[in-house]
Each structure stands twice: as structure tokens, then as C-alpha cells.
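File shown: work.pdb. Contents: PDB, C-alpha atoms, pLDDT in the B column.
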ATOM      1  CA  MET A  16     -17.437  -7.167  19.874  1.00 91.00           C
ATOM      2  CA  GLU A  17     -17.589  -3.716  18.354  1.00 92.00           C
ATOM      3  CA  PRO A  18     -16.564  -3.754  14.678  1.00 92.00           C
ATOM      4  CA  ILE A  19     -13.905  -1.075  15.198  1.00 91.00           C
ATOM      5  CA  VAL A  20     -12.318  -3.163  17.986  1.00 94.00           C
ATOM      6  CA  LEU A  21     -12.235  -6.255  15.778  1.00 95.00           C
ATOM      7  CA  PHE A  22     -10.767  -4.157  12.981  1.00 94.00           C
ATOM      8  CA  ALA A  23      -8.085  -2.734  15.288  1.00 94.00           C
ATOM      9  CA  ILE A  24      -7.082  -6.201  16.502  1.00 97.00           C
ATOM     10  CA  GLN A  25      -6.904  -7.723  13.025  1.00 97.00           C
ATOM     11  CA  PHE A  26      -5.126  -4.725  11.496  1.00 97.00           C
ATOM     12  CA  THR A  27      -2.562  -4.568  14.310  1.00 98.00           C
ATOM     13  CA  LEU A  28      -1.782  -8.284  14.173  1.00 98.00           C
ATOM     14  CA  SER A  29      -1.324  -8.121  10.402  1.00 98.00           C
ATOM     15  CA  LEU A  30       0.873  -5.036  10.706  1.00 98.00           C
ATOM     16  CA  VAL A  31       3.102  -6.708  13.302  1.00 98.00           C
ATOM     17  CA  ALA A  32       3.365  -9.894  11.229  1.00 98.00           C
ATOM     18  CA  TYR A  33       4.303  -8.027   8.049  1.00 98.00           C
ATOM     19  CA  ALA A  34       6.790  -5.845   9.945  1.00 98.00           C
ATOM     20  CA  LEU A  35       8.520  -8.921  11.372  1.00 98.00           C
ATOM     21  CA  ILE A  36       8.679 -10.600   7.986  1.00 98.00           C
ATOM     22  CA  ALA A  37       9.993  -7.402   6.421  1.00 98.00           C
ATOM     23  CA  PHE A  38      12.690  -6.633   8.935  1.00 96.00           C
ATOM     24  CA  TRP A  39      13.787 -10.202   9.663  1.00 98.00           C
ATOM     25  CA  TYR A  40      13.809 -11.562   6.123  1.00 98.00           C
ATOM     26  CA  VAL A  41      13.103  -9.046   3.374  1.00 98.00           C
ATOM     27  CA  ALA A  42      15.156  -6.010   4.433  1.00 97.00           C
ATOM     28  CA  PRO A  43      18.443  -7.898   4.943  1.00 97.00           C
ATOM     29  CA  ARG A  44      18.229  -9.396   1.465  1.00 97.00           C
ATOM     30  CA  LEU A  45      17.205  -6.177  -0.260  1.00 97.00           C
ATOM     31  CA  SER A  46      19.976  -4.224   1.460  1.00 95.00           C
ATOM     32  CA  ARG A  47      22.517  -6.190  -0.591  1.00 95.00           C
ATOM     33  CA  LEU A  48      20.966  -5.079  -3.877  1.00 96.00           C
ATOM     34  CA  PRO A  49      21.410  -1.794  -5.711  1.00 95.00           C
ATOM     35  CA  ARG A  50      18.695   0.701  -4.766  1.00 96.00           C
ATOM     36  CA  GLU A  51      16.785   0.402  -8.039  1.00 95.00           C
ATOM     37  CA  ALA A  52      16.773  -3.410  -7.889  1.00 96.00           C
ATOM     38  CA  ALA A  53      15.633  -3.383  -4.252  1.00 97.00           C
ATOM     39  CA  LEU A  54      12.694  -1.128  -5.133  1.00 98.00           C
ATOM     40  CA  VAL A  55      11.279  -3.546  -7.717  1.00 97.00           C
ATOM     41  CA  PRO A  56       9.772  -6.236  -5.424  1.00 97.00           C
ATOM     42  CA  LEU A  57       8.565  -3.569  -2.997  1.00 98.00           C
ATOM     43  CA  THR A  58       6.798  -1.737  -5.806  1.00 98.00           C
ATOM     44  CA  TRP A  59       5.107  -4.942  -7.016  1.00 98.00           C
ATOM     45  CA  VAL A  60       3.179  -5.062  -3.728  1.00 97.00           C
ATOM     46  CA  HIS A  61       1.522  -1.740  -4.652  1.00 98.00           C
ATOM     47  CA  VAL A  62       0.625  -2.684  -8.214  1.00 97.00           C
ATOM     48  CA  PHE A  63      -2.064  -4.967  -6.791  1.00 97.00           C
ATOM     49  CA  ARG A  64      -3.618  -2.076  -4.922  1.00 96.00           C
ATOM     50  CA  MET A  65      -6.136  -2.152  -7.742  1.00 95.00           C
ATOM     51  CA  VAL A  66      -8.114  -4.557  -5.536  1.00 95.00           C
ATOM     52  CA  GLY A  67      -9.219  -1.477  -3.612  1.00 93.00           C
ATOM     53  CA  GLY A  68     -11.382  -0.708  -6.622  1.00 94.00           C
ATOM     54  CA  THR A  69     -13.557  -3.639  -5.555  1.00 95.00           C
ATOM     55  CA  ILE A  70     -15.430  -1.200  -3.324  1.00 95.00           C
ATOM     56  CA  LEU A  71     -16.933   0.318  -6.490  1.00 95.00           C
ATOM     57  CA  ALA A  72     -18.508  -2.954  -7.648  1.00 94.00           C
ATOM     58  CA  PRO A  73     -22.280  -3.179  -7.203  1.00 93.00           C
ATOM     59  CA  GLY A  74     -23.123  -5.079  -4.032  1.00 93.00           C
ATOM     60  CA  ALA A  75     -19.514  -5.215  -2.821  1.00 93.00           C
ATOM     61  CA  VAL A  76     -20.377  -3.226   0.310  1.00 95.00           C
ATOM     62  CA  ASP A  77     -23.525  -2.328   2.184  1.00 94.00           C
ATOM     63  CA  ALA A  78     -25.568   0.319   0.361  1.00 93.00           C
ATOM     64  CA  ALA A  79     -25.324   2.432   3.522  1.00 94.00           C
ATOM     65  CA  VAL A  80     -21.621   3.056   2.823  1.00 95.00           C
ATOM     66  CA  PRO A  81     -21.697   6.500   1.190  1.00 94.00           C
ATOM     67  CA  MET A  82     -20.922   6.631  -2.527  1.00 95.00           C
ATOM     68  CA  ASP A  83     -18.570   9.588  -1.935  1.00 95.00           C
ATOM     69  CA  PHE A  84     -16.479   7.396   0.354  1.00 95.00           C
ATOM     70  CA  ARG A  85     -16.535   4.422  -2.028  1.00 96.00           C
ATOM     71  CA  THR A  86     -15.525   6.578  -4.988  1.00 96.00           C
ATOM     72  CA  MET A  87     -12.665   8.189  -3.078  1.00 95.00           C
ATOM     73  CA  ILE A  88     -11.327   4.806  -1.905  1.00 95.00           C
ATOM     74  CA  GLY A  89     -11.754   2.991  -5.208  1.00 96.00           C
ATOM     75  CA  PHE A  90     -10.231   5.617  -7.462  1.00 97.00           C
ATOM     76  CA  GLY A  91      -7.484   6.517  -4.967  1.00 96.00           C
ATOM     77  CA  ASP A  92      -6.335   2.911  -4.834  1.00 97.00           C
ATOM     78  CA  MET A  93      -6.542   2.379  -8.577  1.00 97.00           C
ATOM     79  CA  THR A  94      -4.650   5.624  -9.252  1.00 97.00           C
ATOM     80  CA  THR A  95      -1.899   4.525  -6.885  1.00 98.00           C
ATOM     81  CA  ALA A  96      -1.778   1.108  -8.562  1.00 98.00           C
ATOM     82  CA  VAL A  97      -1.346   2.702 -12.008  1.00 98.00           C
ATOM     83  CA  LEU A  98       1.427   4.967 -10.694  1.00 98.00           C
ATOM     84  CA  ALA A  99       3.145   1.954  -9.098  1.00 98.00           C
ATOM     85  CA  LEU A 100       2.921   0.041 -12.376  1.00 98.00           C
ATOM     86  CA  LEU A 101       4.428   2.973 -14.278  1.00 98.00           C
ATOM     87  CA  ALA A 102       7.206   3.238 -11.684  1.00 98.00           C
ATOM     88  CA  LEU A 103       7.861  -0.495 -11.964  1.00 97.00           C
ATOM     89  CA  ILE A 104       8.114  -0.317 -15.754  1.00 98.00           C
ATOM     90  CA  ALA A 105      10.405   2.711 -15.475  1.00 98.00           C
ATOM     91  CA  LEU A 106      12.640   0.845 -13.014  1.00 97.00           C
ATOM     92  CA  ARG A 107      12.753  -2.191 -15.283  1.00 95.00           C
ATOM     93  CA  LEU A 108      13.636  -0.089 -18.335  1.00 96.00           C
ATOM     94  CA  ARG A 109      16.137   1.931 -16.294  1.00 94.00           C
ATOM     95  CA  PHE A 110      14.318   5.086 -17.260  1.00 95.00           C
ATOM     96  CA  ARG A 111      16.069   8.215 -16.015  1.00 93.00           C
ATOM     97  CA  GLY A 112      12.970   9.397 -14.111  1.00 96.00           C
ATOM     98  CA  ALA A 113      12.238   6.040 -12.457  1.00 97.00           C
ATOM     99  CA  ILE A 114      13.168   7.140  -8.947  1.00 97.00           C
ATOM    100  CA  ALA A 115      11.010  10.250  -9.302  1.00 97.00           C
ATOM    101  CA  LEU A 116       8.082   8.027 -10.327  1.00 98.00           C
ATOM    102  CA  VAL A 117       8.639   5.825  -7.269  1.00 98.00           C
ATOM    103  CA  TRP A 118       8.601   8.949  -5.051  1.00 98.00           C
ATOM    104  CA  LEU A 119       5.390  10.093  -6.771  1.00 98.00           C
ATOM    105  CA  PHE A 120       3.525   6.815  -6.347  1.00 98.00           C
ATOM    106  CA  LEU A 121       4.734   6.532  -2.745  1.00 98.00           C
ATOM    107  CA  ALA A 122       3.541  10.055  -1.891  1.00 98.00           C
ATOM    108  CA  VAL A 123       0.177   9.599  -3.621  1.00 98.00           C
ATOM    109  CA  GLY A 124      -0.304   6.198  -1.997  1.00 97.00           C
ATOM    110  CA  LEU A 125       0.529   7.408   1.507  1.00 97.00           C
ATOM    111  CA  LEU A 126      -1.724  10.452   1.157  1.00 97.00           C
ATOM    112  CA  ASP A 127      -4.514   8.238  -0.148  1.00 96.00           C
ATOM    113  CA  THR A 128      -4.060   5.802   2.736  1.00 95.00           C
ATOM    114  CA  ALA A 129      -4.034   8.558   5.359  1.00 94.00           C
ATOM    115  CA  ASN A 130      -7.146  10.102   3.811  1.00 95.00           C
ATOM    116  CA  ALA A 131      -8.884   6.710   3.691  1.00 94.00           C
ATOM    117  CA  ILE A 132      -8.208   6.156   7.397  1.00 91.00           C
ATOM    118  CA  VAL A 133      -9.577   9.572   8.330  1.00 94.00           C
ATOM    119  CA  GLN A 134     -12.627   9.214   6.096  1.00 94.00           C
ATOM    120  CA  SER A 135     -13.303   5.668   7.367  1.00 93.00           C
ATOM    121  CA  MET A 136     -13.662   7.089  10.845  1.00 91.00           C
ATOM    122  CA  ARG A 137     -15.658  10.088   9.637  1.00 93.00           C
ATOM    123  CA  TYR A 138     -18.172   7.893   7.821  1.00 92.00           C
ATOM    124  CA  SER A 139     -18.090   5.088  10.459  1.00 91.00           C
ATOM    125  CA  VAL A 140     -17.748   2.555   7.659  1.00 93.00           C
ATOM    126  CA  PHE A 141     -16.812  -0.296   9.980  1.00 91.00           C
ATOM    127  CA  ASP A 142     -20.401  -0.297  11.247  1.00 90.00           C
ATOM    128  CA  HIS A 143     -21.574  -1.425   7.780  1.00 92.00           C
ATOM    129  CA  GLY A 144     -21.084  -4.590   5.778  1.00 93.00           C
ATOM    130  CA  LEU A 145     -17.809  -4.285   3.868  1.00 93.00           C
ATOM    131  CA  GLY A 146     -17.635  -7.761   2.348  1.00 92.00           C
ATOM    132  CA  VAL A 147     -14.223  -8.649   0.940  1.00 91.00           C
ATOM    133  CA  ASN A 148     -13.120  -5.060   1.534  1.00 92.00           C
ATOM    134  CA  TRP A 149     -12.813  -5.912   5.239  1.00 94.00           C
ATOM    135  CA  VAL A 150     -10.139  -8.474   4.334  1.00 94.00           C
ATOM    136  CA  ILE A 151      -8.410  -6.022   2.006  1.00 94.00           C
ATOM    137  CA  VAL A 152      -8.169  -3.426   4.776  1.00 94.00           C
ATOM    138  CA  THR A 153      -7.115  -5.814   7.552  1.00 95.00           C
ATOM    139  CA  ALA A 154      -4.756  -8.079   5.587  1.00 96.00           C
ATOM    140  CA  TYR A 155      -3.466  -6.106   2.589  1.00 96.00           C
ATOM    141  CA  VAL A 156      -3.250  -2.494   3.779  1.00 96.00           C
ATOM    142  CA  PRO A 157      -0.763  -3.416   6.554  1.00 97.00           C
ATOM    143  CA  ALA A 158       1.456  -4.995   3.869  1.00 97.00           C
ATOM    144  CA  LEU A 159       1.214  -1.766   1.878  1.00 97.00           C
ATOM    145  CA  LEU A 160       2.259   0.280   4.887  1.00 97.00           C
ATOM    146  CA  VAL A 161       5.242  -1.939   5.699  1.00 98.00           C
ATOM    147  CA  SER A 162       6.384  -1.998   2.075  1.00 98.00           C
ATOM    148  CA  SER A 163       5.985   1.798   1.959  1.00 98.00           C
ATOM    149  CA  VAL A 164       8.376   2.117   4.887  1.00 98.00           C
ATOM    150  CA  LEU A 165      10.881  -0.136   3.122  1.00 98.00           C
ATOM    151  CA  ILE A 166      10.487   1.832  -0.113  1.00 98.00           C
ATOM    152  CA  PHE A 167      11.150   5.065   1.769  1.00 98.00           C
ATOM    153  CA  ILE A 168      14.265   3.550   3.350  1.00 97.00           C
ATOM    154  CA  HIS A 169      15.574   2.421  -0.037  1.00 97.00           C
ATOM    155  CA  LEU A 170      14.755   5.703  -1.742  1.00 97.00           C
ATOM    156  CA  ARG A 171      16.964   7.420   0.812  1.00 95.00           C
ATOM    157  CA  ARG A 172      19.888   5.145  -0.107  1.00 88.00           C
ATOM    158  CA  PRO A 173      22.434   6.391  -2.612  1.00 83.00           C
ATOM    159  CA  SER A 174      22.186   4.950  -6.088  1.00 77.00           C
ATOM    160  CA  GLN A 175      24.736   2.247  -6.945  1.00 65.00           C
ATOM    161  CA  THR A 176      25.913   0.971 -10.268  1.00 52.00           C
ATOM    162  CA  ARG A 177      26.287  -2.744 -10.777  1.00 47.00           C
TER     163      ARG A 177
END
Translate this file's structure into C-alpha cells.
Amino acid sequence: MEPIVLFAIQFTLSLVAYALIAFWYVAPRLSRLPREAALVPLTWVHVFRMVGGTILAPGAVDAAVPMDFRTMIGFGDMTTAVLALLALIALRLRFRGAIALVWLFLAVGLLDTANAIVQSMRYSVFDHGLGVNWVIVTAYVPALLVSSVLIFIHLRRPSQTR
């Protein structure tokens, strides 16, 4: 089986599974919470995006994967993780700019993800050994996408006071 076909199958199945979990179980419960409270668990999912930095570790991927690609992926993910952590702290402390920080991390994360998809195809990275990064992309990235959709939905909700 071609690696890109295997990737597409695994990614799609994970995306469908996370979407079902999100819309059957998570979304109904979060919809009862104030916007800021609903954003907290969704933001936690993105804090662990730091695992994308694994691609920078020596030997983590085939040496044929271009360093430009690895650097872009690793630092893009870690930057998004730091922004998500800052947004989470701001939400927890009820900082006035918390919602703006959530918008910022969401925008940076979605742009980084879109760029990573385009560059993955450009560099044909699925033809090389990706090690644990294969699992990250097929099992974790779909969760990031689904949680991003939920974050967007909740950001569009009006703020409520408890």
C-alpha cells in the first residue's frame, strides 16, 4: 500500500472518530458552560502540541526528511503549544485579554497546520520513515482539528457571567 493511502485512511478514521466523540459527547456538555469555561478543556488539547517538536530530535525521522521541513513543523507546533498554554493561563486567571489570546493561538495553530499539510505534500514526507511522528499526525492532529472547530464555535458564542 502506498504510504499516502495508508496515511489518508488512518487520518480519516481518526478524524471521524474524534468528530463523533466531540459532537455526541463533548459539545453537548460544553454548551451548558459559560464560554470561557468551555474553552478551557478544548485549549488543553493544544497545549500538548509540543509533541510535534519530536521531529527535531536526532534520529526521530529519516535523514532524508529535509531539515527545513522538520524545523518548520517542530517550531510551528511548539509555538502554538506555548500560545495555547498562555491562553489557558489567561482563561484560568480571568485575564481581560484571554479571549484574544485564544483567537491568536487558534489562528496560529490553524495556519501552522494548513502549512504543514501543504509542505508535507511538497516534500513527499510520507515516503520517508517518520517514526513516532506518523502516529502524531494520524492520531493527534485529527483531535487538534476537531477541537479547533469546537473552539471556533465557542469563541463565536456570547460571553456569559456565572
I'd like the residues picked by the PyMOL selection byres ((chain A and resi 71) around 9) written out as a list in words, using the chain letters and numbers from the file. Gly67, Gly68, Thr69, Ile70, Ala72, Pro73, Gly74, Ala75, Val76, Met82, Arg85, Thr86, Ile88, Gly89 and Phe90 of chain A
Might you spell out which residues the PyMOL selection byres ((chain A and resi 27-32) around 9) would select in the displayed file, as a PyMOL selection string? chain A and resi 22-26+33-37+153-158+160-161
What's the 12 Å shell around A:Leu106, counting all atoms listed in the file, without same-chain residues fewer than 2 positions away, as a PyMOL selection string? chain A and resi 49-59+99-104+108-117
When distances are computed from only C-alpha atoms, which of A:His169, A:Arg137, A:Arg64, A:His143 shows the smallest separation from A:Ser46?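 Closest to A:Ser46 of all the choices is A:His169.
Here atom CA of A:Ile19 is placed at a distance of 11.1 Å from atom CA of A:Trp149.
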Just say which residues the PyMOL selection byres ((chain A and resi 127) around 10) picks in this file, as an MDAnalysis selection string. chainID A and resid 87:88 90:92 94:95 121:126 128:133
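Minimum atom-to-atom distance to A:Met65, evaluated using all atoms listed in the file, belongs to A:Ile151 out of A:Ile151, A:Val140, A:Leu145, A:Val80.
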Nearest-residue call for A:Trp118, choices A:Phe63, A:Pro173, A:Pro43, A:Leu98, using only C-alpha atoms: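 The answer is A:Leu98, which sits nearest to A:Trp118.
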Please indicate the distance in Å from atom CA of A:Asp77 to atom CA of A:Val97, rounded to one decimal place.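 Distance reported for this atom pair: 26.8 Å.
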